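Undergrad: Dropping in coords.txt, which is compact mmCIF, C-alpha atoms:
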```txt
# COMPACT_ATOMS: atom_id res chain seq x y z
CA MET A 178 180.16 63.98 -149.55
CA ILE A 179 176.99 64.29 -151.65
CA MET A 180 176.88 60.57 -152.40
CA ARG A 181 177.33 59.75 -148.68
CA GLU A 182 174.45 62.08 -147.79
CA LEU A 183 172.17 60.53 -150.43
CA ARG A 184 173.09 57.07 -149.13
CA HIS A 185 172.43 58.21 -145.52
CA ARG A 186 168.95 59.41 -146.58
CA LYS A 187 168.41 56.00 -148.25
CA ILE A 188 167.85 57.66 -151.62
CA ILE A 189 170.73 55.82 -153.29
CA ARG A 190 171.80 52.30 -152.44
CA THR A 191 174.93 51.76 -154.53
CA ASN A 192 178.04 53.58 -155.66
CA ASN A 193 176.87 53.43 -159.28
CA ASN A 194 175.50 56.37 -161.25
CA PRO A 195 172.84 57.73 -158.84
CA VAL A 196 170.20 58.63 -161.47
CA GLY A 197 168.45 55.25 -161.32
CA ASP A 198 168.44 55.07 -157.52
CA ILE A 199 167.15 58.64 -157.25
CA ALA A 200 164.36 57.88 -159.72
CA GLU A 201 163.38 54.74 -157.78
CA ALA A 202 163.21 56.72 -154.52
CA ILE A 203 161.08 59.41 -156.17
CA VAL A 204 158.68 56.88 -157.72
CA ALA A 205 158.39 54.95 -154.44
CA ASP A 206 157.52 58.18 -152.64
CA TYR A 207 155.10 59.28 -155.38
CA TYR A 208 153.14 56.01 -155.17
CA GLN A 209 153.77 55.47 -151.43
CA GLY A 210 155.19 52.13 -152.46
CA GLU A 211 158.11 49.97 -151.44
CA ARG A 212 161.35 49.59 -153.32
CA GLY A 213 162.38 46.15 -154.44
CA THR A 214 165.48 44.34 -153.27
CA PHE A 215 168.61 43.78 -155.31
CA SER A 216 167.93 40.04 -155.48
CA GLN A 217 164.49 40.28 -157.11
CA ALA A 218 164.25 41.06 -160.80
CA GLY A 219 161.63 42.70 -163.01
CA TRP A 220 160.28 45.51 -160.89
CA ASP A 221 161.68 48.32 -158.78
CA VAL A 222 158.65 49.62 -156.86
CA LYS A 223 155.56 47.82 -155.61
CA THR A 224 152.51 49.99 -154.89
CA PRO A 225 150.19 49.36 -151.92
CA ALA A 226 147.67 47.95 -154.46
CA GLY A 227 150.27 45.40 -155.64
CA GLU A 228 151.14 47.04 -158.96
CA LEU A 229 154.72 46.29 -160.03
CA ILE A 230 156.59 49.26 -161.50
CA GLN A 231 159.78 49.10 -163.54
CA VAL A 232 161.54 52.47 -163.07
CA LYS A 233 163.73 53.92 -165.79
CA ALA A 234 165.58 57.21 -165.74
CA MET A 235 167.84 59.39 -167.80
CA ARG A 236 169.71 62.62 -167.23
CA GLN A 237 169.94 65.03 -170.12
CA THR A 238 172.59 67.73 -170.21
CA GLY A 239 173.18 70.55 -172.64
CA GLU A 240 175.53 68.35 -174.66
CA ASP A 241 173.79 65.02 -174.08
CA LYS A 242 170.28 64.74 -175.49
CA ARG A 243 170.05 60.99 -175.12
CA ARG A 244 166.64 59.41 -175.46
CA ASN A 245 167.41 55.70 -174.93
CA LEU A 246 166.81 54.08 -171.56
CA SER A 247 168.53 51.00 -170.22
CA PRO A 248 167.02 47.71 -171.42
CA ILE A 249 164.08 46.03 -169.75
CA ARG A 250 165.17 42.41 -169.51
CA ASP A 251 162.43 40.91 -167.38
CA GLU A 252 158.69 40.66 -167.80
CA ASP A 253 157.64 40.77 -164.15
CA TYR A 254 156.14 44.28 -164.18
CA HIS A 255 152.84 46.00 -164.96
CA VAL A 256 153.97 49.51 -165.94
CA VAL A 257 157.14 51.47 -166.57
CA VAL A 258 157.59 54.87 -164.99
CA VAL A 259 160.23 57.06 -166.63
CA ALA A 260 161.85 60.02 -164.89
CA VAL A 261 163.80 62.51 -167.00
CA PHE A 262 166.30 64.72 -165.18
CA ASN A 263 168.14 67.81 -166.37
CA GLU A 264 171.85 68.33 -165.76
CA ASP A 265 171.12 69.74 -162.28
CA PHE A 266 169.22 66.56 -161.33
CA LEU A 267 165.84 68.29 -161.40
CA VAL A 268 162.99 66.19 -162.73
CA THR A 269 161.74 67.70 -165.99
CA GLU A 270 159.34 64.95 -167.10
CA GLY A 271 157.66 61.84 -165.82
CA PHE A 272 155.77 59.20 -167.80
CA ARG A 273 153.72 56.16 -166.85
CA ILE A 274 153.76 53.62 -169.68
CA PRO A 275 151.62 50.46 -169.54
CA ARG A 276 153.50 47.25 -170.32
CA LYS A 277 151.32 46.67 -173.40
CA VAL A 278 152.45 50.03 -174.84
CA VAL A 279 156.10 49.18 -174.14
CA GLU A 280 155.72 45.89 -175.97
CA GLU A 281 153.92 47.51 -178.94
CA HIS A 282 156.42 50.34 -179.41
CA PHE A 283 159.69 48.57 -178.56
CA PRO A 284 160.50 45.07 -179.86
CA ASN A 285 162.87 42.81 -178.01
CA ARG A 286 166.46 43.41 -179.13
CA SER A 287 168.43 40.19 -179.02
CA HIS A 288 171.83 41.95 -178.89
CA VAL A 289 170.89 43.59 -175.55
CA ASN A 290 168.52 40.81 -174.47
CA GLY A 291 165.67 43.22 -173.77
CA ARG A 292 163.44 46.08 -174.82
CA VAL A 293 164.95 49.55 -175.06
CA ILE A 294 162.49 52.39 -174.53
CA VAL A 295 163.33 55.45 -176.60
CA VAL A 296 161.64 58.62 -175.36
CA THR A 297 160.25 60.02 -178.61
CA GLN A 298 157.50 62.49 -179.49
CA ALA A 299 155.38 59.55 -180.68
CA LEU A 300 155.67 57.93 -177.26
CA ARG A 301 154.89 61.19 -175.47
CA LYS A 302 151.77 61.65 -177.62
CA ASP A 303 150.43 58.11 -177.23
CA PRO A 304 147.11 58.59 -175.38
CA ARG A 305 147.84 55.56 -173.20
CA VAL A 306 150.99 57.20 -171.81
CA GLN A 307 150.22 59.20 -168.70
CA HIS A 308 152.32 62.27 -167.92
CA LEU A 309 153.24 62.43 -164.24
CA ASP A 310 154.35 65.34 -162.10
CA VAL A 311 156.75 63.58 -159.76
CA SER A 312 158.53 66.82 -158.86
CA VAL A 313 156.65 67.10 -155.53
CA ALA A 314 157.97 63.68 -154.51
CA ALA A 315 161.47 64.77 -155.56
CA GLN A 316 161.16 67.91 -153.43
CA ARG A 317 159.99 65.87 -150.41
CA LEU A 318 163.12 63.75 -150.72
CA GLY A 319 165.32 66.80 -151.07
CA THR A 320 166.64 65.84 -154.49
```
Just give me the structure of the file as structure tokens.
TA:
Amino acid sequence: MIMRELRHRKIIRTNNNPVGDIAEAIVADYYQGERGTFSQAGWDVKTPAGELIQVKAMRQTGEDKRRNLSPIRDEDYHVVVVAVFNEDFLVTEGFRIPRKVVEEHFPNRSHVNGRVIVVTQALRKDPRVQHLDVSVAAQRLGT
């Protein structure tokens, strides 16, 4: 029932784990941008100014303190926006990471054919990483 309602609201678009779709919807709302299609690779949200955003998300629970995000396998993006959710799907953190910072911090890993961002204290403290409050966008969407 919950997944059907999220699909009806156009927040999620697949039957996969909804964290990524929810994050994309939140970031699109935050930037007043448009979500990409399934057939185009590299970016998930395009801002009105033409900036291409790769959206990454993770959900941390009491038992699961994961810090790795799914690999970035394409280079057609300008920035990465990361949304961190708690176990109740509330956004606890948001980060805007320029592509240059991603490439400096995270080398390409051949075994996953991409760059894996790990949300560390060093990344959080990098002065080029902007902390975002995307919770208002999440509230507007009812997530």
Undergrad: Can you tell me how far atom CA of Gln231 of chain A sits from atom CA of Ala200 of chain A, in Å to one decimal?
TA: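 If I compute the distance from atom CA of Gln231 of chain A to atom CA of Ala200 of chain A, I get 10.6 Å.
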Undergrad: Which is closer to Gln209 of chain A than all the others in A:Ala226, A:Val278, A:Val196, A:Val261, using all atoms listed in the file?
TA: A:Ala226
Undergrad: Kindly indicate which residue among A:Val306, A:Val204, A:Glu264, A:Val295 lies nearest to Lys277 of chain A, using only C-alpha atoms for the distances.
TA: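 Distance minimum relative to Lys277 of chain A lands on A:Val306.
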Undergrad: Which one is closest to Ala234 of chain A: A:Asn194, A:Glu252, A:Gly219, A:Glu211? Count all atoms listed in the file.
TA: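 Between A:Asn194, A:Glu252, A:Gly219, A:Glu211, the residue approaching Ala234 of chain A most closely is A:Asn194.
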Undergrad: Please identify all polymer residues lying at most 8 Å from the point (168.1, 58.6, -176.6) (file coordinates), using all atoms listed in the file, and present the result as a list in words.
TA: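 Within the cut-off we find Lys242, Arg243, Arg244, Asn245, Leu246, Val295 and Val296 of chain A.
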Undergrad: With a distance cut-off of 12 Å and all atoms listed in the file, select the neighbouring residues of Lys187 of chain A, excluding the residue or stretch itself and same-chain residues fewer than 4 positions from it, and output the selection as a list in words.
TA: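 What passes the distance filter is Met180, Arg181, Glu182, Leu183, Thr191, Pro195, Asp198, Ile199, Glu201, Ala202, Ile203, Ala205, Asp206, Arg212, Leu318, Gly319 and Thr320 of chain A.
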Undergrad: Excluding Val259 of chain A and its own-chain neighbours fewer than 2 positions away, which residues fall within 8 Å of it when counting only C-alpha atoms? Please give them as a list in words.
TA: Val232, Lys233, Ala234, Val257, Val261, Glu270, Gly271, Phe272, Arg273 and Ile274 of chain A
Undergrad: Select, from A:Gly291, A:Gln237, A:Gly213, A:Ser312, the residue with the minimum atom-to-atom distance to Asp265 of chain A, counting only C-alpha atoms.
TA: A:Gln237
Undergrad: Please determine, counting all atoms listed in the file, which residue among A:Phe262, A:Ile230, A:Gly239, A:Arg184 has the shortest atom-to-atom distance to Val311 of chain A.
TA: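 Using all atoms listed in the file, Val311 of chain A sits closest to A:Phe262.
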Undergrad: Report the distance between atom CA of Thr269 of chain A and atom CA of Glu228 of chain A in Å, rounded to one decimal place.
TA: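 The value is 24.3 Å.
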Undergrad: Could you tell me how far atom CA of Ile249 of chain A sits from atom CA of Asn290 of chain A, in Å to one decimal place?
TA: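 Atom CA of Ile249 of chain A lies at a distance of 8.3 Å from atom CA of Asn290 of chain A.
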Undergrad: For Pro284 of chain A, which residue among A:Val256, A:Val268, A:Ala299, A:Arg250 is the nearest when counting all atoms listed in the file?
TA: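 Closest to Pro284 of chain A, using all atoms listed in the file: A:Arg250.
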Undergrad: Give the centre and edge lengths of an axis-aligned box, in Å to one decimal, that holds all listed atoms of segment 224-230 of chain A with 8 Å on each side, as lines of an AutoDock Vina configuration file.
TA:
```
center_x = 152.1
center_y = 47.7
center_z = -156.7
size_x = 24.9
size_y = 20.6
size_z = 25.6
```
Undergrad: Could you write segment 218-248 of chain A as a short mmCIF file (atom, residue, chain, number, x, y, z; two decimals), in the frame of the given file, with N, CA and C atoms rebuilt where they are missing?
TA:
```cif
data_model
loop_
_atom_site.label_atom_id
_atom_site.label_comp_id
_atom_site.auth_asym_id
_atom_site.auth_seq_id
_atom_site.Cartn_x
_atom_site.Cartn_y
_atom_site.Cartn_z
N ALA A 218 164.13 40.44 -159.48
CA ALA A 218 164.25 41.06 -160.80
C ALA A 218 162.87 41.48 -161.30
N GLY A 219 162.87 42.37 -162.29
CA GLY A 219 161.63 42.70 -163.01
C GLY A 219 160.98 43.99 -162.61
N TRP A 220 160.95 44.28 -161.32
CA TRP A 220 160.28 45.51 -160.89
C TRP A 220 161.14 46.21 -159.84
N ASP A 221 160.90 47.51 -159.71
CA ASP A 221 161.68 48.32 -158.78
C ASP A 221 160.84 48.86 -157.63
N VAL A 222 159.54 49.09 -157.89
CA VAL A 222 158.65 49.62 -156.86
C VAL A 222 157.34 48.84 -156.91
N LYS A 223 156.86 48.50 -155.73
CA LYS A 223 155.56 47.82 -155.61
C LYS A 223 154.61 48.77 -154.87
N THR A 224 153.47 49.07 -155.50
CA THR A 224 152.51 49.99 -154.89
C THR A 224 151.72 49.26 -153.81
N PRO A 225 151.04 50.01 -152.94
CA PRO A 225 150.19 49.36 -151.92
C PRO A 225 149.11 48.47 -152.54
N ALA A 226 148.69 48.77 -153.77
CA ALA A 226 147.67 47.95 -154.46
C ALA A 226 148.29 46.71 -155.13
N GLY A 227 149.61 46.57 -155.06
CA GLY A 227 150.27 45.40 -155.64
C GLY A 227 150.76 45.58 -157.06
N GLU A 228 150.64 46.78 -157.60
CA GLU A 228 151.14 47.04 -158.96
C GLU A 228 152.66 47.05 -158.94
N LEU A 229 153.26 46.39 -159.93
CA LEU A 229 154.72 46.29 -160.03
C LEU A 229 155.22 47.29 -161.07
N ILE A 230 156.10 48.18 -160.64
CA ILE A 230 156.59 49.26 -161.50
C ILE A 230 158.06 49.06 -161.80
N GLN A 231 158.40 49.07 -163.07
CA GLN A 231 159.78 49.10 -163.54
C GLN A 231 160.12 50.59 -163.68
N VAL A 232 161.16 51.05 -163.03
CA VAL A 232 161.54 52.47 -163.07
C VAL A 232 162.74 52.63 -163.99
N LYS A 233 162.62 53.58 -164.90
CA LYS A 233 163.73 53.92 -165.79
C LYS A 233 163.98 55.42 -165.69
N ALA A 234 165.22 55.80 -165.88
CA ALA A 234 165.58 57.21 -165.74
C ALA A 234 166.68 57.58 -166.71
N MET A 235 166.72 58.86 -167.02
CA MET A 235 167.84 59.39 -167.80
C MET A 235 168.07 60.83 -167.39
N ARG A 236 169.31 61.24 -167.53
CA ARG A 236 169.71 62.62 -167.23
C ARG A 236 170.20 63.24 -168.52
N GLN A 237 169.55 64.33 -168.91
CA GLN A 237 169.94 65.03 -170.12
C GLN A 237 170.69 66.30 -169.76
N THR A 238 171.81 66.51 -170.42
CA THR A 238 172.59 67.73 -170.21
C THR A 238 172.56 68.54 -171.49
N GLY A 239 173.14 69.70 -171.45
CA GLY A 239 173.18 70.55 -172.64
C GLY A 239 173.80 69.85 -173.83
N GLU A 240 174.83 69.05 -173.58
CA GLU A 240 175.53 68.35 -174.66
C GLU A 240 174.89 67.00 -174.96
N ASP A 241 174.30 66.38 -173.95
CA ASP A 241 173.79 65.02 -174.08
C ASP A 241 172.28 65.04 -174.15
N LYS A 242 171.74 64.78 -175.31
CA LYS A 242 170.28 64.74 -175.49
C LYS A 242 169.82 63.30 -175.70
N ARG A 243 170.39 62.40 -174.94
CA ARG A 243 170.05 60.99 -175.12
C ARG A 243 168.57 60.76 -174.89
N ARG A 244 168.05 59.75 -175.57
CA ARG A 244 166.64 59.41 -175.46
C ARG A 244 166.44 57.94 -175.13
N ASN A 245 167.51 57.14 -175.21
CA ASN A 245 167.41 55.70 -174.93
C ASN A 245 167.53 55.45 -173.43
N LEU A 246 166.73 54.51 -172.95
CA LEU A 246 166.81 54.08 -171.56
C LEU A 246 167.50 52.73 -171.51
N SER A 247 167.91 52.32 -170.34
CA SER A 247 168.53 51.00 -170.22
C SER A 247 167.50 49.92 -170.53
N PRO A 248 167.96 48.77 -171.00
CA PRO A 248 167.02 47.71 -171.42
C PRO A 248 166.16 47.16 -170.29
#
```
